file start-v3.cif (mmCIF, C-alpha atoms)
data_entry
loop_
_atom_site.label_atom_id
_atom_site.label_comp_id
_atom_site.auth_asym_id
_atom_site.auth_seq_id
_atom_site.Cartn_x
_atom_site.Cartn_y
_atom_site.Cartn_z
CA MET A 1 -38.97 33.28 -61.20
CA GLU A 2 -38.79 36.14 -63.69
CA ILE A 3 -35.15 35.46 -64.58
CA GLU A 4 -35.76 31.78 -65.24
CA ALA A 5 -38.75 32.71 -67.39
CA MET A 6 -36.54 35.09 -69.37
CA TYR A 7 -33.99 32.33 -69.99
CA GLN A 8 -36.81 30.06 -71.16
CA GLN A 9 -37.89 32.78 -73.58
CA LEU A 10 -34.31 32.82 -74.91
CA GLY A 11 -34.35 29.06 -75.44
CA VAL A 12 -32.84 27.64 -72.24
CA SER A 13 -34.83 24.81 -70.71
CA PRO A 14 -35.53 24.66 -66.94
CA ALA A 15 -33.21 21.63 -66.60
CA VAL A 16 -30.26 23.40 -68.26
CA TYR A 17 -30.90 26.58 -66.28
CA ALA A 18 -31.05 24.63 -62.99
CA TYR A 19 -27.79 22.85 -63.78
CA GLY A 20 -26.10 26.18 -64.55
CA GLU A 21 -27.30 27.69 -61.28
CA SER A 22 -25.99 24.69 -59.32
CA VAL A 23 -22.57 25.28 -60.88
CA LEU A 24 -22.64 29.03 -60.21
CA ARG A 25 -23.23 28.59 -56.49
CA GLN A 26 -19.70 27.24 -56.16
CA LEU A 27 -17.98 30.10 -57.99
CA ARG A 28 -18.47 33.17 -55.81
CA SER A 29 -14.91 33.31 -54.46
CA ARG A 30 -13.48 32.83 -57.96
CA PHE A 31 -15.57 35.71 -59.28
CA ASP A 32 -14.52 37.94 -56.38
CA ALA A 33 -10.85 37.36 -57.25
CA ILE A 34 -11.50 38.21 -60.91
CA ASP A 35 -13.22 41.44 -59.85
CA ALA A 36 -10.24 42.39 -57.66
CA THR A 37 -7.83 41.99 -60.59
CA ALA A 38 -10.15 44.04 -62.82
CA GLU A 39 -10.24 46.81 -60.23
CA TYR A 40 -6.43 46.91 -60.09
CA ASN A 41 -6.10 46.98 -63.88
CA GLN A 42 -8.78 49.66 -64.17
CA GLY A 43 -6.65 51.82 -61.91
CA LYS A 44 -3.58 51.13 -64.04
CA VAL A 45 -5.34 52.22 -67.23
CA LEU A 46 -6.87 55.27 -65.58
CA ALA A 47 -3.48 56.34 -64.18
CA ALA A 48 -1.91 56.14 -67.66
CA MET A 49 -4.70 58.26 -69.15
CA GLN A 50 -4.43 60.87 -66.41
CA LYS A 51 -0.64 61.00 -66.65
CA ASN A 52 -0.89 61.71 -70.39
CA ARG A 53 -3.61 64.34 -69.91
CA VAL A 54 -6.17 62.77 -72.24
CA ASN A 55 -8.67 65.41 -73.34
CA ALA A 56 -11.33 66.01 -75.98
CA THR A 57 -8.82 67.26 -78.56
CA HIS A 58 -7.34 63.77 -78.67
CA PHE A 59 -10.58 62.43 -80.16
CA ALA A 60 -10.40 64.54 -83.34
CA ALA A 61 -10.34 62.68 -86.65
CA THR A 62 -7.41 62.93 -89.05
CA THR A 63 -7.14 61.83 -92.69
CA GLY A 64 -4.50 61.62 -95.39
CA TYR A 65 -0.96 61.36 -94.12
CA GLY A 66 -1.94 61.91 -90.51
CA TYR A 67 0.92 64.27 -89.78
CA ASP A 68 0.87 65.83 -86.28
CA ASP A 69 -1.91 63.50 -85.11
CA GLU A 70 -1.71 64.26 -81.40
CA GLY A 71 -4.60 61.94 -80.48
CA ARG A 72 -2.83 58.99 -82.11
CA ASP A 73 0.56 59.89 -80.63
CA ASN A 74 -0.88 60.37 -77.16
CA LEU A 75 -2.73 57.05 -77.32
CA GLU A 76 0.62 55.38 -78.00
CA ARG A 77 2.08 57.07 -74.94
CA VAL A 78 -0.88 55.78 -72.91
CA TYR A 79 -0.31 52.23 -74.15
CA ALA A 80 3.41 52.46 -73.38
CA ASP A 81 2.58 53.51 -69.81
CA VAL A 82 -0.06 50.81 -69.34
CA PHE A 83 2.38 48.11 -70.49
CA HIS A 84 5.41 49.77 -68.86
CA THR A 85 7.43 49.97 -72.07
CA GLU A 86 9.57 52.64 -73.72
CA ALA A 87 7.32 53.01 -76.76
CA ALA A 88 4.18 51.73 -78.48
CA LEU A 89 2.69 51.46 -81.96
CA VAL A 90 -1.14 51.43 -81.88
CA ARG A 91 -2.73 51.77 -85.31
CA PRO A 92 -5.93 51.04 -87.23
CA GLN A 93 -3.64 50.22 -90.17
CA ILE A 94 -2.74 46.98 -88.34
CA THR A 95 -5.56 44.77 -89.54
CA CYS A 96 -5.44 41.89 -87.04
CA GLY A 97 -3.29 40.06 -84.50
CA THR A 98 -1.51 38.02 -87.17
CA HIS A 99 -0.66 41.24 -89.00
CA ALA A 100 0.73 42.81 -85.83
CA LEU A 101 2.89 39.75 -85.19
CA THR A 102 4.06 39.74 -88.82
CA VAL A 103 5.09 43.39 -88.58
CA ALA A 104 7.00 42.75 -85.37
CA LEU A 105 8.78 39.68 -86.73
CA SER A 106 9.64 41.02 -90.17
CA ALA A 107 10.84 44.34 -88.74
CA ASN A 108 13.26 42.74 -86.31
CA LEU A 109 14.60 39.81 -88.34
CA LEU A 110 17.05 40.11 -91.24
CA PRO A 111 18.27 37.58 -93.84
CA GLY A 112 20.48 35.03 -92.12
CA ASP A 113 18.78 35.44 -88.73
CA GLU A 114 16.94 32.63 -87.00
CA LEU A 115 13.59 32.76 -85.22
CA LEU A 116 13.06 30.38 -82.31
CA SER A 117 9.83 29.24 -80.70
CA PRO A 118 10.58 27.64 -77.32
CA VAL A 119 6.93 26.75 -76.73
CA GLY A 120 6.25 24.35 -79.56
CA ALA A 121 4.39 25.01 -82.79
CA PRO A 122 3.00 28.52 -83.37
CA TYR A 123 -0.64 29.40 -83.99
CA ASP A 124 -1.92 28.16 -87.35
CA THR A 125 -1.95 31.53 -89.14
CA LEU A 126 1.74 32.12 -88.31
CA GLU A 127 2.83 28.97 -90.14
CA GLU A 128 2.65 30.75 -93.50
CA VAL A 129 4.13 33.93 -92.05
CA ILE A 130 7.18 31.99 -90.87
CA GLY A 131 7.31 29.66 -93.88
CA ILE A 132 6.55 26.40 -92.10
CA ARG A 133 3.83 26.14 -94.73
CA GLU A 134 5.03 27.62 -98.00
CA SER A 135 3.71 31.09 -98.80
CA LYS A 136 4.71 34.11 -100.80
CA CYS A 137 6.54 36.77 -98.75
CA SER A 138 7.14 34.44 -95.79
CA LEU A 139 10.13 34.99 -93.51
CA ARG A 140 11.67 31.88 -94.99
CA GLU A 141 11.45 33.36 -98.48
CA TYR A 142 13.49 36.32 -97.21
CA GLY A 143 16.22 34.13 -95.74
CA VAL A 144 15.06 33.84 -92.11
CA THR A 145 15.28 30.33 -90.69
CA TYR A 146 13.07 28.85 -87.99
CA ALA A 147 13.80 26.57 -85.04
CA GLN A 148 11.47 25.08 -82.47
CA ALA A 149 11.77 23.53 -79.01
CA ASP A 150 8.71 21.51 -78.14
CA LEU A 151 7.10 21.54 -74.73
CA ARG A 152 7.45 18.55 -72.43
CA SER A 153 4.55 16.11 -72.22
CA ASP A 154 3.24 17.92 -69.12
CA GLY A 155 3.17 21.28 -70.94
CA SER A 156 6.27 22.68 -69.21
CA PHE A 157 9.29 24.25 -70.91
CA ASP A 158 12.10 21.93 -72.03
CA TYR A 159 14.99 24.10 -70.91
CA ASP A 160 17.67 21.68 -72.16
CA ALA A 161 16.13 21.67 -75.64
CA ILE A 162 15.81 25.47 -75.59
CA ARG A 163 19.46 25.90 -74.59
CA SER A 164 20.52 23.58 -77.43
CA ALA A 165 18.36 25.45 -79.94
CA ILE A 166 19.77 28.91 -79.18
CA ASN A 167 22.78 29.63 -81.39
CA HIS A 168 24.75 32.51 -82.85
CA ARG A 169 22.04 33.12 -85.49
CA THR A 170 19.14 33.20 -82.99
CA LYS A 171 18.01 36.80 -83.27
CA LEU A 172 14.45 36.70 -81.95
CA ILE A 173 12.49 34.35 -79.69
CA THR A 174 8.70 34.27 -79.97
CA ILE A 175 6.54 33.14 -77.05
CA GLN A 176 2.84 32.50 -77.57
CA ARG A 177 1.06 33.23 -74.29
CA SER A 178 -2.28 31.66 -75.17
CA LYS A 179 -2.93 28.09 -76.26
CA GLY A 180 -4.17 28.84 -79.79
CA TYR A 181 -5.75 25.76 -81.36
CA ALA A 182 -3.92 23.41 -79.01
CA THR A 183 -5.05 21.78 -75.80
CA ARG A 184 -1.91 22.77 -73.90
CA PRO A 185 -2.16 25.11 -70.90
CA SER A 186 -1.73 28.83 -71.50
CA PHE A 187 1.27 30.35 -69.76
CA SER A 188 1.12 32.65 -66.76
CA VAL A 189 3.04 35.91 -66.84
CA ALA A 190 5.31 34.49 -64.13
CA GLN A 191 6.11 31.43 -66.29
CA ILE A 192 6.82 33.66 -69.28
CA GLY A 193 9.08 35.81 -67.09
CA GLU A 194 11.08 32.74 -66.05
CA LEU A 195 11.43 31.68 -69.69
CA ILE A 196 12.55 35.17 -70.72
CA ALA A 197 15.16 35.24 -67.95
CA PHE A 198 16.47 31.83 -68.99
CA CYS A 199 16.73 32.76 -72.68
CA LYS A 200 18.49 36.04 -71.85
CA SER A 201 20.94 34.15 -69.60
CA VAL A 202 21.87 31.93 -72.55
CA LYS A 203 22.06 34.81 -75.04
CA PRO A 204 21.79 38.28 -73.44
CA ASP A 205 21.30 40.19 -76.71
CA VAL A 206 18.44 38.06 -78.05
CA LYS A 207 15.14 39.87 -78.59
CA ILE A 208 12.02 38.31 -77.13
CA MET A 209 8.51 38.91 -78.45
CA VAL A 210 5.37 37.72 -76.66
CA ASP A 211 2.16 37.10 -78.57
CA ASN A 212 -0.07 38.62 -75.90
CA CYS A 213 -3.40 37.95 -77.65
CA TYR A 214 -6.23 36.96 -75.27
CA GLY A 215 -4.06 37.61 -72.20
CA GLU A 216 -4.18 41.36 -71.64
CA PHE A 217 -5.58 42.39 -68.22
CA VAL A 218 -6.20 38.80 -67.15
CA GLU A 219 -3.43 39.22 -64.57
CA ARG A 220 -2.01 42.28 -62.83
CA LEU A 221 1.32 42.04 -64.65
CA GLU A 222 2.02 41.81 -68.38
CA PRO A 223 5.02 40.04 -70.00
CA SER A 224 6.58 43.44 -70.64
CA ASP A 225 6.88 43.87 -66.87
CA LEU A 226 9.17 40.83 -66.81
CA GLY A 227 11.60 41.54 -69.62
CA ALA A 228 9.82 41.03 -72.96
CA ASP A 229 11.25 43.30 -75.65
CA MET A 230 7.88 43.38 -77.41
CA VAL A 231 4.30 42.46 -76.48
CA VAL A 232 1.93 42.25 -79.42
CA GLY A 233 -1.83 41.97 -79.75
CA SER A 234 -5.07 42.83 -81.51
CA LEU A 235 -7.49 45.60 -80.62
CA ILE A 236 -10.51 43.45 -81.49
CA LYS A 237 -9.49 41.21 -78.63
CA ASN A 238 -8.97 42.26 -75.00
CA PRO A 239 -7.52 45.80 -75.14
CA GLY A 240 -10.14 47.16 -77.54
CA GLY A 241 -12.84 46.56 -74.96
CA GLY A 242 -15.36 45.60 -77.65
CA LEU A 243 -15.39 49.14 -79.09
CA ALA A 244 -12.29 49.20 -81.31
CA PRO A 245 -13.47 48.13 -84.80
CA ILE A 246 -9.98 47.26 -86.07
CA GLY A 247 -6.35 47.67 -85.12
CA GLY A 248 -3.40 46.19 -83.33
CA TYR A 249 -0.64 47.21 -80.95
CA ILE A 250 3.06 46.59 -80.43
CA CYS A 251 4.56 47.79 -77.13
CA GLY A 252 8.25 47.43 -76.39
CA THR A 253 11.70 48.91 -76.50
CA ARG A 254 12.13 52.10 -78.48
CA GLU A 255 14.41 50.36 -80.98
CA CYS A 256 12.03 47.46 -81.63
CA VAL A 257 8.97 49.69 -81.96
CA GLU A 258 10.76 52.12 -84.27
CA ARG A 259 11.67 49.27 -86.58
CA CYS A 260 8.06 48.06 -86.48
CA ALA A 261 6.83 51.52 -87.47
CA TYR A 262 9.22 51.57 -90.43
CA ARG A 263 7.99 48.17 -91.52
CA LEU A 264 4.31 49.12 -91.14
CA SER A 265 4.62 52.33 -93.16
CA ALA A 266 7.97 52.90 -94.87
CA PRO A 267 11.64 53.51 -93.97
CA GLY A 268 12.04 57.16 -93.04
CA LEU A 269 8.32 57.65 -92.38
CA GLY A 270 7.67 55.37 -89.41
CA GLN A 271 5.25 56.68 -86.82
CA GLU A 272 4.92 60.10 -88.43
CA VAL A 273 2.24 58.87 -90.86
CA GLY A 274 -1.01 57.00 -90.39
CA ALA A 275 -4.27 58.90 -90.00
CA ASN A 276 -6.60 57.81 -87.19
CA LEU A 277 -9.71 58.04 -89.45
CA GLY A 278 -11.95 59.10 -86.57
CA LEU A 279 -11.35 55.98 -84.48
CA MET A 280 -9.73 57.64 -81.47
CA PRO A 281 -12.86 57.75 -79.26
CA ALA A 282 -13.36 54.00 -79.74
CA PHE A 283 -9.66 53.27 -79.13
CA TYR A 284 -9.44 55.36 -75.96
CA GLN A 285 -12.78 54.30 -74.51
CA GLY A 286 -12.26 50.67 -75.49
CA LEU A 287 -8.97 50.59 -73.59
CA PHE A 288 -10.65 52.26 -70.62
CA LEU A 289 -13.42 49.62 -70.55
CA SER A 290 -11.11 46.71 -71.25
CA PRO A 291 -10.37 45.56 -67.66
CA THR A 292 -14.09 45.29 -66.92
CA VAL A 293 -14.92 43.60 -70.22
CA VAL A 294 -12.08 41.11 -69.73
CA SER A 295 -13.37 40.29 -66.25
CA GLY A 296 -16.77 39.36 -67.72
CA ALA A 297 -15.11 37.15 -70.33
CA LEU A 298 -13.03 35.48 -67.61
CA LYS A 299 -16.11 34.70 -65.55
CA GLY A 300 -17.66 33.14 -68.64
CA ALA A 301 -14.57 30.98 -69.20
CA VAL A 302 -14.52 29.82 -65.57
CA PHE A 303 -18.25 29.05 -65.76
CA ALA A 304 -17.77 27.09 -68.99
CA ALA A 305 -14.99 24.96 -67.51
CA ASN A 306 -17.06 24.12 -64.45
CA VAL A 307 -20.20 23.36 -66.50
CA TYR A 308 -18.45 21.03 -68.93
CA GLU A 309 -15.95 19.38 -66.63
CA GLY A 310 -18.87 18.54 -64.36
CA LEU A 311 -20.39 16.68 -67.31
CA GLY A 312 -17.25 14.63 -67.92
CA PHE A 313 -15.62 16.64 -70.72
CA SER A 314 -11.90 17.43 -70.69
CA CYS A 315 -11.31 21.16 -70.25
CA VAL A 316 -8.15 23.27 -70.56
CA PRO A 317 -7.75 25.01 -68.19
CA GLY A 318 -9.49 22.70 -65.75
CA ALA A 319 -12.41 23.92 -63.68
CA ALA A 320 -10.28 24.70 -60.61
CA GLU A 321 -7.15 25.95 -62.39
CA GLU A 322 -5.87 29.51 -62.37
CA ARG A 323 -6.63 31.56 -65.50
CA HIS A 324 -4.00 33.16 -67.74
CA ASP A 325 -6.13 34.09 -70.77
CA ILE A 326 -9.80 34.32 -71.70
CA ILE A 327 -9.90 31.14 -73.82
CA GLN A 328 -11.59 27.98 -72.63
CA ALA A 329 -10.92 24.78 -74.54
CA VAL A 330 -13.49 21.99 -74.24
CA THR A 331 -12.74 18.65 -75.90
CA LEU A 332 -16.07 17.45 -77.25
CA GLY A 333 -14.91 14.33 -79.09
CA SER A 334 -16.84 14.61 -82.34
CA ARG A 335 -17.65 16.86 -85.27
CA GLU A 336 -21.35 16.69 -84.37
CA ALA A 337 -20.78 17.85 -80.80
CA MET A 338 -18.60 20.76 -82.00
CA MET A 339 -21.33 21.85 -84.37
CA ALA A 340 -24.01 21.64 -81.67
CA PHE A 341 -21.88 23.67 -79.23
CA CYS A 342 -21.23 26.38 -81.82
CA LYS A 343 -24.89 26.41 -82.81
CA GLY A 344 -25.74 27.30 -79.21
CA ILE A 345 -23.21 30.12 -79.06
CA GLN A 346 -24.58 31.54 -82.31
CA ALA A 347 -28.16 31.27 -81.08
CA ALA A 348 -27.22 33.36 -78.02
CA ALA A 349 -25.80 36.22 -80.11
CA PRO A 350 -27.33 39.69 -80.46
CA VAL A 351 -26.34 39.70 -84.15
CA ASP A 352 -27.07 36.88 -86.64
CA SER A 353 -28.64 34.69 -83.94
CA TYR A 354 -30.74 32.96 -86.62
CA VAL A 355 -27.67 31.78 -88.57
CA THR A 356 -26.36 28.19 -88.33
CA PRO A 357 -22.54 28.05 -88.27
CA GLU A 358 -20.98 25.56 -90.68
CA PRO A 359 -17.35 24.40 -91.05
CA TRP A 360 -15.44 26.00 -93.94
CA ALA A 361 -11.98 26.28 -95.44
CA MET A 362 -10.85 29.48 -93.73
CA PRO A 363 -7.77 31.32 -95.12
CA GLY A 364 -4.61 30.63 -93.11
CA TYR A 365 -5.74 27.27 -91.73
CA ASP A 366 -4.93 23.76 -92.99
CA SER A 367 -8.25 22.19 -91.98
CA GLU A 368 -11.89 23.20 -91.94
CA VAL A 369 -12.76 25.62 -89.14
CA ILE A 370 -16.16 26.22 -87.54
CA MET A 371 -16.80 29.64 -86.07
CA ALA A 372 -19.75 30.95 -84.10
CA ALA A 373 -19.73 34.70 -83.60
CA GLY A 374 -22.73 36.95 -83.80
CA ALA A 375 -20.65 40.04 -83.17
CA PHE A 376 -21.07 43.78 -83.61
CA ILE A 377 -17.52 43.83 -84.98
CA GLN A 378 -16.71 41.09 -87.46
CA GLY A 379 -14.24 38.59 -86.01
CA SER A 380 -14.07 40.28 -82.63
CA SER A 381 -12.80 37.66 -80.18
CA ILE A 382 -13.61 39.74 -77.10
CA GLU A 383 -17.25 39.36 -78.08
CA LEU A 384 -18.95 36.04 -77.37
CA SER A 385 -17.56 33.48 -79.79
CA ALA A 386 -16.52 29.88 -80.19
CA ASP A 387 -14.45 28.22 -82.87
CA GLY A 388 -12.11 25.38 -83.64
CA PRO A 389 -10.60 23.28 -86.40
CA ILE A 390 -12.62 20.20 -87.36
CA ARG A 391 -9.96 17.65 -86.47
CA PRO A 392 -9.22 15.32 -83.55
CA PRO A 393 -9.55 15.71 -80.61
CA TYR A 394 -12.50 17.89 -81.73
CA ALA A 395 -11.92 20.65 -79.24
CA VAL A 396 -13.89 23.87 -79.32
CA TYR A 397 -12.41 27.14 -78.08
CA PHE A 398 -14.82 29.47 -76.30
CA GLN A 399 -13.95 33.06 -75.50
CA GLY A 400 -15.31 36.52 -74.96
CA GLY A 401 -18.56 38.09 -73.89
CA LEU A 402 -18.83 41.85 -73.57
CA THR A 403 -20.78 41.24 -70.35
CA TRP A 404 -20.75 38.34 -67.92
CA TYR A 405 -24.48 37.87 -68.40
CA HIS A 406 -24.09 37.35 -72.14
CA ALA A 407 -21.24 34.89 -71.59
CA LYS A 408 -23.47 32.97 -69.16
CA LEU A 409 -26.30 32.79 -71.69
CA GLY A 410 -23.89 31.58 -74.38
CA ILE A 411 -22.66 28.70 -72.25
CA LEU A 412 -26.19 27.69 -71.26
CA MET A 413 -27.29 27.77 -74.91
CA SER A 414 -24.29 25.69 -75.98
CA LEU A 415 -25.30 23.09 -73.40
CA GLN A 416 -28.93 23.32 -74.51
CA LYS A 417 -28.00 22.47 -78.10
CA LEU A 418 -25.82 19.56 -76.99
CA VAL A 419 -28.75 18.21 -74.94
CA GLU A 420 -31.11 18.61 -77.91
CA ALA A 421 -28.62 16.82 -80.18
CA GLY A 422 -28.42 13.90 -77.77
CA GLU A 423 -24.73 14.54 -77.05
CA VAL A 424 -25.33 15.30 -73.35
CA THR A 425 -27.83 13.91 -70.86
CA LEU A 426 -28.55 15.85 -67.69
CA SER A 427 -29.40 13.77 -64.64
CA ALA A 428 -32.79 14.47 -63.08
#
call {"tool": "encode", "arguments": {"input": "start-v3.cif", "output": "structure tokens"}}
result
Amino acid sequence: MEIEAMYQQLGVSPAVYAYGESVLRQLRSRFDAIDATAEYNQGKVLAAMQKNRVNATHFAATTGYGYDDEGRDNLERVYADVFHTEAALVRPQITCGTHALTVALSANLLPGDELLSPVGAPYDTLEEVIGIRESKCSLREYGVTYAQADLRSDGSFDYDAIRSAINHRTKLITIQRSKGYATRPSFSVAQIGELIAFCKSVKPDVKIMVDNCYGEFVERLEPSDLGADMVVGSLIKNPGGGLAPIGGYICGTRECVERCAYRLSAPGLGQEVGANLGLMPAFYQGLFLSPTVVSGALKGAVFAANVYEGLGFSCVPGAAEERHDIIQAVTLGSREAMMAFCKGIQAAAPVDSYVTPEPWAMPGYDSEVIMAAGAFIQGSSIELSADGPIRPPYAVYFQGGLTWYHAKLGILMSLQKLVEAGEVTLSA
């Protein structure tokens, strides 16, 4: 077969290819459901662009202060309509997801306020932002305290603990949709909606922010459809569609977004400044492509879970479970297996395929992290990538793939390297 020969040329052995094909034969109905969600979300994005009369003038570059940047302002109206919010802040000046979350938190918390996480510990890079790990300019340094309600052992919300943690100083509640570097399940939009409703019933005026990274367009609804005051994410993840080279977004109530704009630029300036630097075509087109790109990444994640669970590895989500983000965690059990997996992902890349990923002390993390990502845009998590902290239980987190076919190759190459390293044996 020509296709099998092509995979062999790319480094996939006949045995690994045959195993992958045996897995794929069971996934047709799952893939059909993913395509149906992508079709719905494509319509949602297209409707928002048509409503806001997107045209060629919106792609013009601006520099300097960026006053009267209609392309930028209209893109924010599009985002607000896609996420069904009052306002949006979508800027290249937001450097990453952690930066977007920091802006949202610091803009809406004042000295004496308390931040609550009802879903356990936050993602590693937020520990210094909050002040769990000491850092200059943390929220703690500015007089904001932090409280946490851990999840139950089965990964569900501990509503009694959450009720006890909410007090008169609780100003903002942060909910992390995706699992981060934890092997807990990611939360569905419906679950997040139930948690939001509960928190608002305990304290109606509390603000709720959802870290939406890796979850956009995975489902037909977003957390903002179910009461979140802010949803926050990165443009080099799902909503950038692989084209946005930088940037982040905050969609939410007009009051919350206005405060975020003042924090990002300066009080009194807000959304009036911030040149687009010629990035509007990538931002608009990336958003337009995003539902389709996300569907390819989702297929890759489902394929990965079925490949590795079938070989006896623990996967979160499990092979048959419903998906709520694009991340697939696979517990490999050793440093050596993590390195082999990541070596395969790197070898499948269109960029830097010849490079061998090695663990390193990455800023913002308290342990060595290995990252495999031969991406067109540095650090882009919607492109094929895999990473994880080198610590027990030695889980690797796979995500992305601008096309389903590239995601498929990445998974097959990760398995190939594990076989070559003697970490996996395929039955004849």
call {"tool": "residues_around", "arguments": {"input": "start-v3.cif", "residues": "range 26-39 of chain A", "least_positions_apart": "5", "cutoff": "9 Å", "atoms": "only C-alpha atoms", "output": "PDB file with C-alpha atoms, keeping the file's coordinate frame"}}
result
ATOM      1  CA  LYS A  44      -3.580  51.130 -64.040  1.00  0.00           C
ATOM      2  CA  PHE A 217      -5.580  42.390 -68.220  1.00  0.00           C
ATOM      3  CA  VAL A 218      -6.200  38.800 -67.150  1.00  0.00           C
ATOM      4  CA  GLU A 219      -3.430  39.220 -64.570  1.00  0.00           C
ATOM      5  CA  ARG A 220      -2.010  42.280 -62.830  1.00  0.00           C
ATOM      6  CA  SER A 290     -11.110  46.710 -71.250  1.00  0.00           C
ATOM      7  CA  PRO A 291     -10.370  45.560 -67.660  1.00  0.00           C
ATOM      8  CA  THR A 292     -14.090  45.290 -66.920  1.00  0.00           C
ATOM      9  CA  VAL A 293     -14.920  43.600 -70.220  1.00  0.00           C
ATOM     10  CA  VAL A 294     -12.080  41.110 -69.730  1.00  0.00           C
ATOM     11  CA  SER A 295     -13.370  40.290 -66.250  1.00  0.00           C
ATOM     12  CA  GLY A 296     -16.770  39.360 -67.720  1.00  0.00           C
ATOM     13  CA  LEU A 298     -13.030  35.480 -67.610  1.00  0.00           C
ATOM     14  CA  LYS A 299     -16.110  34.700 -65.550  1.00  0.00           C
ATOM     15  CA  VAL A 302     -14.520  29.820 -65.570  1.00  0.00           C
ATOM     16  CA  PHE A 303     -18.250  29.050 -65.760  1.00  0.00           C
ATOM     17  CA  ASN A 306     -17.060  24.120 -64.450  1.00  0.00           C
TER      18      ASN A 306
END
call {"tool": "atom_distance", "arguments": {"input": "start-v3.cif", "atom1": "CA of Leu332 in chain A", "atom2": "CA of Leu126 in chain A"}}
result
25.6 Å
call {"tool": "atom_distance", "arguments": {"input": "start-v3.cif", "atom1": "CA of Ile175 in chain A", "atom2": "CA of Val210 in chain A"}}
result
4.7 Å
call {"tool": "resolve_selection", "arguments": {"input": "start-v3.cif", "expression": "the PyMOL selection byres ((chain A and resi 72-84) around 7)", "output": "JSON, numbers by chain"}}
result
{"A": [44, 45, 48, 49, 52, 69, 70, 71, 85, 86, 87, 88, 89, 90, 222, 224, 225, 251, 276]}
call {"tool": "residues_near_point", "arguments": {"input": "start-v3.cif", "point": "(-5.3, 26.5, -78.7)", "cutoff": "12 Å", "atoms": "all atoms listed in the file", "output": "PyMOL selection string"}}
result
chain A and resi 120-124+176-187+213-214+315-317+325-331+386-389+393-399
call {"tool": "resolve_selection", "arguments": {"input": "start-v3.cif", "expression": "the PyMOL selection byres ((chain A and resi 189) around 8)", "output": "PyMOL selection string"}}
result
chain A and resi 187-188+190-193+219+221-223+226+324
call {"tool": "residues_around", "arguments": {"input": "start-v3.cif", "residues": "range 135-147 of chain A", "least_positions_apart": "4", "cutoff": "8 Å", "atoms": "all atoms listed in the file", "output": "JSON, numbers by chain"}}
result
{"A": [106, 109, 110, 111, 112, 113, 114, 115, 116, 117, 128, 129, 130, 131, 165]}
call {"tool": "resolve_selection", "arguments": {"input": "start-v3.cif", "expression": "the PyMOL selection byres ((chain A and resi 94) around 9)", "output": "list in words"}}
result
Val90, Arg91, Pro92, Gln93, Thr95, Cys96, Gly97, His99, Ala100, Val103, Ser234, Ile246, Gly247, Gly248, Tyr249 and Leu264 of chain A
